Each structure stands twice: as structure tokens, then as C-alpha cells.
>>> print(open('upload.txt').read())   # compact mmCIF, C-alpha atoms
# COMPACT_ATOMS: atom_id res chain seq x y z
CA PRO A 6 -45.95 16.63 108.01
CA LEU A 7 -45.01 15.26 104.62
CA ALA A 8 -41.77 13.70 105.77
CA THR A 9 -39.15 13.67 108.54
CA LEU A 10 -35.66 14.06 107.18
CA SER A 11 -32.22 13.86 108.64
CA GLY A 12 -30.74 15.93 105.85
CA LEU A 13 -31.49 19.17 104.06
CA SER A 14 -33.11 17.91 100.83
CA ARG A 15 -35.87 15.67 99.55
CA ALA A 16 -36.99 14.52 96.10
CA GLU A 17 -40.70 14.60 95.25
CA THR A 18 -42.06 12.35 92.46
CA ASP A 19 -45.36 11.51 90.77
CA LEU A 20 -47.12 14.65 91.92
CA ALA A 21 -50.61 15.15 90.58
CA GLU A 22 -51.46 18.30 88.68
CA GLY A 23 -51.86 21.24 90.96
CA VAL A 24 -50.06 24.06 92.76
CA TYR A 25 -47.81 23.16 95.69
CA GLU A 26 -45.90 25.08 98.37
CA TYR A 27 -43.45 23.74 100.92
CA ARG A 28 -42.20 24.72 104.35
CA VAL A 29 -39.80 23.15 106.80
CA ARG A 30 -38.88 23.23 110.50
CA ALA A 31 -36.22 21.68 112.64
CA VAL A 32 -36.78 19.23 115.52
CA ASP A 33 -34.08 18.61 118.14
CA ALA A 34 -33.13 15.34 119.79
CA ALA A 35 -35.42 16.07 122.69
CA GLY A 36 -38.37 16.41 120.32
CA TRP A 37 -38.69 20.14 120.47
CA ALA A 38 -39.81 21.64 117.11
CA GLY A 39 -38.77 25.06 115.99
CA ALA A 40 -40.86 27.57 114.04
CA TRP A 41 -41.88 26.84 110.45
CA SER A 42 -39.92 28.43 107.70
CA SER A 43 -41.52 30.76 105.23
CA ALA A 44 -43.40 29.00 102.44
CA SER A 45 -41.48 28.13 99.29
CA ALA A 46 -42.27 29.55 95.92
CA ALA A 47 -45.30 27.88 94.38
CA LEU A 48 -44.67 24.74 92.37
CA VAL A 49 -47.08 24.22 89.47
CA VAL A 50 -47.44 20.67 88.23
CA ASP A 51 -49.02 20.77 84.76
CA ARG A 52 -49.04 17.55 82.78
CA THR A 53 -51.72 18.63 80.30
CA PRO A 54 -50.89 20.67 77.17
CA PRO A 55 -53.29 23.41 76.04
CA SER A 56 -56.20 22.59 73.77
CA ALA A 57 -56.01 23.41 70.09
CA PRO A 58 -57.20 26.93 69.23
CA GLY A 59 -59.96 27.42 66.67
CA ALA A 60 -58.99 27.58 63.03
CA PRO A 61 -57.99 31.15 62.10
CA SER A 62 -60.65 33.26 60.44
CA LEU A 63 -59.68 35.92 57.91
CA SER A 64 -60.95 39.46 57.54
CA THR A 65 -61.03 38.89 53.78
CA SER A 66 -60.40 36.07 51.35
CA LEU A 67 -59.13 38.46 48.68
CA SER A 68 -56.55 41.15 49.46
CA THR A 69 -55.52 43.86 47.01
CA ASN A 70 -52.91 45.43 49.30
CA GLY A 71 -51.12 42.40 50.77
CA ASN A 72 -52.70 42.81 54.22
CA VAL A 73 -55.11 40.62 56.21
CA SER A 74 -56.32 40.42 59.81
CA LEU A 75 -56.72 37.06 61.53
CA GLY A 76 -58.52 35.93 64.66
CA TRP A 77 -59.19 32.57 66.31
CA THR A 78 -61.02 31.03 69.26
CA THR A 79 -58.71 30.94 72.26
CA ALA A 80 -57.14 27.73 73.50
CA THR A 81 -57.69 26.57 77.09
CA ASP A 82 -55.21 25.20 79.61
CA THR A 83 -56.56 23.04 82.43
CA GLY A 84 -53.18 22.01 83.81
CA GLY A 85 -52.72 25.14 85.85
CA SER A 86 -49.76 26.91 84.26
CA GLY A 87 -51.93 29.03 81.95
CA LEU A 88 -51.50 30.05 78.34
CA ALA A 89 -48.22 31.73 77.46
CA GLU A 90 -48.39 32.40 73.74
CA TYR A 91 -49.57 31.24 70.33
CA ARG A 92 -47.54 30.09 67.37
CA LEU A 93 -49.02 31.32 64.07
CA GLU A 94 -47.92 29.58 60.89
CA ARG A 95 -48.46 30.39 57.22
CA SER A 96 -48.27 28.25 54.11
CA ALA A 97 -47.78 29.55 50.56
CA ASP A 98 -47.92 26.12 48.90
CA ALA A 99 -51.38 24.77 49.80
CA GLY A 100 -50.19 23.31 53.11
CA ALA A 101 -47.18 21.36 51.84
CA SER A 102 -44.88 23.38 54.11
CA TRP A 103 -45.39 25.87 56.95
CA SER A 104 -43.42 28.81 58.34
CA VAL A 105 -43.81 30.39 61.78
CA ILE A 106 -44.61 34.06 61.23
CA ALA A 107 -45.57 35.32 64.69
CA SER A 108 -45.90 34.43 68.38
CA PRO A 109 -48.75 36.64 69.60
CA SER A 110 -49.93 36.54 73.19
CA GLY A 111 -53.54 37.13 72.16
CA ALA A 112 -55.92 35.45 69.74
CA SER A 113 -55.46 37.82 66.80
CA TYR A 114 -52.80 39.02 64.40
CA ALA A 115 -52.45 41.39 61.44
CA ASP A 116 -50.35 40.00 58.61
CA SER A 117 -48.98 42.53 56.10
CA GLY A 118 -46.62 42.98 53.18
CA LEU A 119 -47.71 39.76 51.47
CA ALA A 120 -46.66 39.15 47.89
CA ASP A 121 -49.20 38.05 45.30
CA GLY A 122 -50.18 34.44 45.89
CA ARG A 123 -52.44 32.08 47.84
CA TYR A 124 -52.00 31.53 51.58
CA LEU A 125 -53.27 29.32 54.43
CA TYR A 126 -52.88 29.80 58.19
CA ARG A 127 -52.91 27.61 61.32
CA VAL A 128 -52.14 28.23 64.99
CA SER A 129 -51.15 26.34 68.15
CA ALA A 130 -50.80 27.33 71.82
CA ARG A 131 -48.06 26.96 74.46
CA ASP A 132 -48.65 26.89 78.21
CA GLY A 133 -46.54 28.34 81.01
CA LEU A 134 -44.46 25.17 81.28
CA ASN A 135 -43.55 25.22 77.59
CA SER A 136 -45.91 22.44 76.54
CA TRP A 137 -47.33 22.90 73.03
CA GLY A 138 -50.86 21.87 72.28
CA ALA A 139 -52.28 20.45 69.07
CA VAL A 140 -52.35 22.54 65.92
CA SER A 141 -55.65 24.14 64.92
CA GLY A 142 -57.54 23.45 61.76
CA THR A 143 -56.48 25.30 58.64
CA SER A 144 -57.94 28.68 57.79
CA GLY A 145 -59.83 29.43 54.64
CA GLY A 146 -57.68 30.44 51.70
CA LEU A 147 -56.38 33.95 51.18
CA LEU A 148 -55.67 35.23 47.68
CA VAL A 149 -53.41 38.27 47.45
CA ASP A 150 -53.68 40.07 44.11
CA THR A 151 -52.07 43.49 43.89
CA THR A 152 -51.23 43.32 40.18
CA PRO A 153 -53.63 44.75 37.57
CA PRO A 154 -54.43 42.88 34.37
CA THR A 155 -52.58 43.60 31.15
CA GLU A 156 -53.77 46.51 29.03
CA PRO A 157 -56.26 45.68 26.25
CA GLY A 158 -54.90 45.66 22.71
CA THR A 159 -55.42 48.52 20.24
CA PRO A 160 -59.06 48.49 19.08
CA ALA A 161 -60.14 47.64 15.56
CA ILE A 162 -63.43 48.91 14.11
CA SER A 163 -65.83 47.36 11.72
CA ALA A 164 -68.49 49.92 10.76
CA SER A 165 -71.60 50.28 8.67
CA PRO A 166 -71.11 53.29 6.34
CA THR A 167 -74.80 54.12 6.29
CA THR A 168 -76.32 53.36 9.70
CA GLY A 169 -73.70 54.48 12.18
CA GLU A 170 -73.67 51.03 13.75
CA TYR A 171 -70.21 49.63 14.31
CA THR A 172 -68.31 47.10 16.41
CA VAL A 173 -65.14 47.93 18.34
CA SER A 174 -62.97 44.93 19.25
CA TRP A 175 -59.55 44.51 20.87
CA SER A 176 -57.08 41.85 21.92
CA ALA A 177 -58.05 40.31 25.25
CA SER A 178 -56.23 41.18 28.47
CA SER A 179 -54.89 38.57 30.88
CA ASP A 180 -54.60 38.32 34.67
CA ALA A 181 -52.58 35.66 36.50
CA GLY A 182 -53.95 36.44 39.97
CA SER A 183 -57.68 36.63 40.66
CA GLY A 184 -58.56 36.27 36.98
CA LEU A 185 -59.98 38.69 34.44
CA ALA A 186 -63.43 40.03 35.33
CA GLY A 187 -64.03 42.01 32.15
CA TYR A 188 -63.69 45.48 30.70
CA SER A 189 -64.78 48.96 31.69
CA TYR A 190 -65.32 51.38 28.84
CA ALA A 191 -66.91 54.68 27.94
CA PHE A 192 -67.48 56.25 24.53
CA ASN A 193 -67.98 59.99 24.82
CA GLN A 194 -66.64 63.37 23.80
CA THR A 195 -64.53 63.97 26.93
CA ALA A 196 -60.82 63.44 26.27
CA GLY A 197 -59.80 62.91 29.92
CA TYR A 198 -62.82 60.99 31.18
CA ALA A 199 -62.28 59.39 34.63
CA LEU A 200 -63.02 55.71 34.02
CA ASP A 201 -63.70 53.41 36.99
CA THR A 202 -63.12 49.64 37.22
CA ALA A 203 -66.78 48.56 37.13
CA THR A 204 -67.04 46.12 34.25
CA GLU A 205 -69.56 46.74 31.48
CA THR A 206 -68.69 43.71 29.39
CA ALA A 207 -66.85 40.41 29.72
CA LEU A 208 -66.24 40.31 25.98
CA ALA A 209 -63.36 41.93 24.11
CA SER A 210 -65.76 43.88 21.88
CA VAL A 211 -68.71 46.27 22.01
CA SER A 212 -71.34 47.36 19.50
CA LEU A 213 -72.28 51.03 19.41
CA THR A 214 -74.35 53.52 17.45
CA MET A 215 -73.24 57.13 17.31
CA ALA A 216 -74.17 60.26 15.44
CA ASP A 217 -71.60 62.25 13.51
CA GLY A 218 -68.93 63.75 15.71
CA THR A 219 -65.53 63.33 17.35
CA TYR A 220 -65.46 60.76 20.14
CA TRP A 221 -63.09 59.16 22.62
CA LEU A 222 -63.08 55.50 23.56
CA HIS A 223 -61.81 55.03 27.14
CA LEU A 224 -60.97 51.38 27.83
CA ARG A 225 -59.43 49.38 30.66
CA ALA A 226 -59.43 45.78 31.90
CA ALA A 227 -60.40 44.84 35.48
CA ASP A 228 -59.69 41.68 37.46
CA ASN A 229 -61.80 39.95 40.11
CA ALA A 230 -59.88 41.73 42.86
CA GLY A 231 -60.93 45.14 41.51
CA ASN A 232 -57.52 46.03 40.08
CA GLY A 233 -57.72 48.02 36.84
CA SER A 234 -55.24 48.22 34.01
CA VAL A 235 -53.94 51.49 32.61
CA ILE A 236 -56.72 53.41 30.85
CA ALA A 237 -56.25 53.36 27.08
CA ARG A 238 -57.78 56.28 25.17
CA TYR A 239 -58.51 56.33 21.45
CA LYS A 240 -59.94 59.16 19.31
CA PHE A 241 -62.53 58.40 16.64
CA ILE A 242 -64.32 60.55 14.08
CA VAL A 243 -67.79 59.37 13.08
CA ASP A 244 -69.01 60.69 9.72
CA ILE A 245 -71.91 58.89 8.07
CA THR A 246 -73.45 61.90 6.31
CA SER A 247 -73.00 62.11 2.54
CA PRO A 248 -71.74 65.44 1.16
CA VAL A 249 -74.23 67.85 -0.42
CA TYR A 250 -73.80 67.94 -4.16
CA ALA A 251 -75.61 69.06 -7.34
CA THR A 252 -76.45 66.30 -9.80
CA SER A 253 -76.53 68.80 -12.72
CA TYR A 254 -76.23 72.47 -13.44
CA SER A 255 -76.84 74.30 -16.68
CA HIS A 256 -76.88 77.81 -17.94
CA ALA A 257 -77.03 79.62 -21.19
CA PRO A 258 -73.43 80.55 -22.06
CA ALA A 259 -72.45 83.41 -24.33
CA LYS A 260 -71.65 80.89 -27.02
CA ALA A 261 -73.99 78.31 -28.32
CA GLY A 262 -74.13 75.05 -26.39
CA GLN A 263 -74.60 73.98 -22.74
CA LEU A 264 -72.23 73.26 -19.81
CA ALA A 265 -73.39 70.30 -17.67
CA LEU A 266 -71.85 69.66 -14.19
CA THR A 267 -72.29 66.17 -12.69
CA VAL A 268 -71.11 65.24 -9.12
CA ASN A 269 -71.74 61.89 -7.47
CA ALA A 270 -70.81 60.97 -3.90
CA GLY A 271 -67.30 59.55 -3.76
CA GLU A 272 -66.44 60.61 -7.34
CA VAL A 273 -64.30 63.35 -8.85
CA LEU A 274 -66.08 66.38 -10.27
CA ALA A 275 -66.43 65.95 -14.04
CA LEU A 276 -66.87 68.84 -16.45
CA THR A 277 -68.58 67.79 -19.67
CA PRO A 278 -69.23 70.43 -22.38
CA THR A 279 -72.21 69.70 -24.60
>>> encode(input="upload.txt", output="C-alpha cells")
Amino acid sequence: PLATLSGLSRAETDLAEGVYEYRVRAVDAAGWAGAWSSASAALVVDRTPPSAPGAPSLSTSLSTNGNVSLGWTTATDTGGSGLAEYRLERSADAGASWSVIASPSGASYADSGLADGRYLYRVSARDGLNSWGAVSGTSGGLLVDTTPPTEPGTPAISASPTTGEYTVSWSASSDAGSGLAGYSYAFNQTAGYALDTATETALASVSLTMADGTYWLHLRAADNAGNGSVIARYKFIVDITSPVYATSYSHAPAKAGQLALTVNAGEVLALTPT
């Protein structure tokens, strides 16, 4: 027996880690012992907090919808009470301050509804006796960018009047989130062309050569998260062909003399009697 008592209580101290149960029986003055009681509820002595979980890993480092999935290596608890839950924290200021966002029972979590910005995560574990372990390392950074870049400015054209070669330029777009990746454009004869966000140029200008005709320039900016600005559409008419004209014309009029007609490109028709 652990102890012989005259009363109905006993204090236990300095127990080592482990699981304990107790039972008791009565002994009369003649030394006769009665039957043992039923065993007590188990007592778990756990002096050791859980280990630190692994640093959270992210499903993506760049989110365009404000959502991300996280997972981490599980903590361990050798004290005997077992793991109870995790405490997941998030920082929106490069780790200067942290907020508890969830207390999952497992080693994963889906965070959603995040505003544009940069985020870090860390996690710690609690055991069954409410002891918190050390905090994990910090996750890699998450950038949330749901905002497209600004629309490019209205294009200006500088053209060669004889070759059909010309340069289209516009005011640059800006993007405060993931940064501007470049511009997607198409120059064709389809008014409602479906333009994607794949960038064809990082510059705010393009040089093109086109034959005579009516064309549409479809233009949008794209950022590094794949967000595209509103598609701007501009109509252009290309005409580099000189008009057909007669340099002179003469005939024998009823009266004496000659009528000469002279037309040069870009000039007004002149009638000169001779």
C-alpha cells in the first residue's frame, strides 16, 4: 500500500510524469481489511509542454482571391496528456504584431477573405493539461493581390506617311500590389476581340506595320498576379496610298486654245486656260 491513513484524505506531491489510479480499503482495529474500492479516475501528470510544430507551409505565395491553404508538421507531446489544439497566428505587418485567427485541432487550415496585403503565419500547440509549447518558425510570405492595375492612357501615334510603319504609345499603368508585369495588346479588325492577360510587352509602346484598312487596338495592363485592367479599345484607319490623279489633260476645244488640268497629291485642283 501507498499509505495507511486515519482519515479520509491524502495529499500527493512531486509525482513523476505518468498516469496514476488510486484505490482504498478500510482496516479495522483487529487488523481485518475490507475489500478494495473501485479504482479512481486516471490522474495524468504531464510536466512537459508540446514541441513546436513545423513552420506553416502555404499552398501559394501569391493569391488573387484572398484565399490560402496552410499545413504544418504536427507537434508531439511526450508528457502523456496528448495534443489538444493548435493556435494559428497571422501577421500583416512583417511580424511586428500577431493575431490569433484559428484554433484548429489538426495540422491544417484554410484562410479566406484576406484583403490585399502581405501576410506571415506561425503556429503553436497546447496539450491536454493546457500547457502551450513553443511557437513554430514563421511561414514564407503571402502576397494577396486582388486589384488589377490602372488602365493604360489613351494611345498616341507617330506614323510614317509612306511606309505604313508607326509607333503607338500610351501613358504607363501602375499597380500597388504585385507590381506591373506589362501589357497585353492586339491590333486587328475585330471590334470585340477577347484579349487575355498574357503580356506581349513590358514597354508602354509598340511598333507596327499595317496595310490600308480599318483596325482596332485592344489594350490592357496586367500585373504579376495575373490581374488585368479593363480592356481599352481604339479604332484606327490606316491609309498610306496616294490618290489616283491625272497630271495633265488636254483636248481640242471648239474655240482656239487649250485647256490644261493639273492635279498634284495634297493640292487643290487648278484649272488653267491656255
>>> closest_residue(input="upload.txt", among="A:Ala115, A:Val140, A:Val211, A:Ala80", to="Trp103 of chain A", atoms="only C-alpha atoms")
A:Val140
>>> axis_aligned_box(input="upload.txt", around="segment 61-73 of chain A", padding_each_side="6 Å", output="lines of an AutoDock Vina configuration file")
center_x = -56.1
center_y = 38.3
center_z = 54.6
size_x = 21.9
size_y = 26.3
size_z = 27.1
>>> residues_around(input="upload.txt", residues="Ala130 of chain A", least_positions_apart="5", cutoff="10 Å", atoms="all atoms listed in the file", output="number ranges by chain")
A: 54-58, 79-82, 88-93, 108-110, 112, 135-141
>>> closest_residue(input="upload.txt", among="A:Ala196, A:Leu67, A:Ala237, A:Ala120", to="Gly158 of chain A", atoms="all atoms listed in the file")
A:Ala237
>>> atom_distance(input="upload.txt", atom1="atom CA of Ser179 of chain A", atom2="atom CA of Ala97 of chain A")
22.8 Å
>>> closest_atom_pairs(input="upload.txt", of="segment 185-258 of chain A", to="segment 146-154 of chain A", cutoff="7 Å", atoms="only C-alpha atoms", output="tab-separated table")
residue	atom	partner	partner_atom	distance
A:Leu185	CA	A:Pro154	CA	7.0
A:Ala226	CA	A:Pro154	CA	6.3
A:Ala227	CA	A:Pro154	CA	6.4
A:Asp228	CA	A:Pro154	CA	6.2
A:Ala230	CA	A:Asp150	CA	6.5
A:Asn232	CA	A:Pro153	CA	4.8
A:Gly233	CA	A:Pro153	CA	5.3
A:Ser234	CA	A:Pro153	CA	5.2
>>> residues_around(input="upload.txt", residues="Tyr27 of chain A", least_positions_apart="4", cutoff="8 Å", atoms="only C-alpha atoms", output="list in words")
Ala44, Ser45, Ala46 and Ala47 of chain A
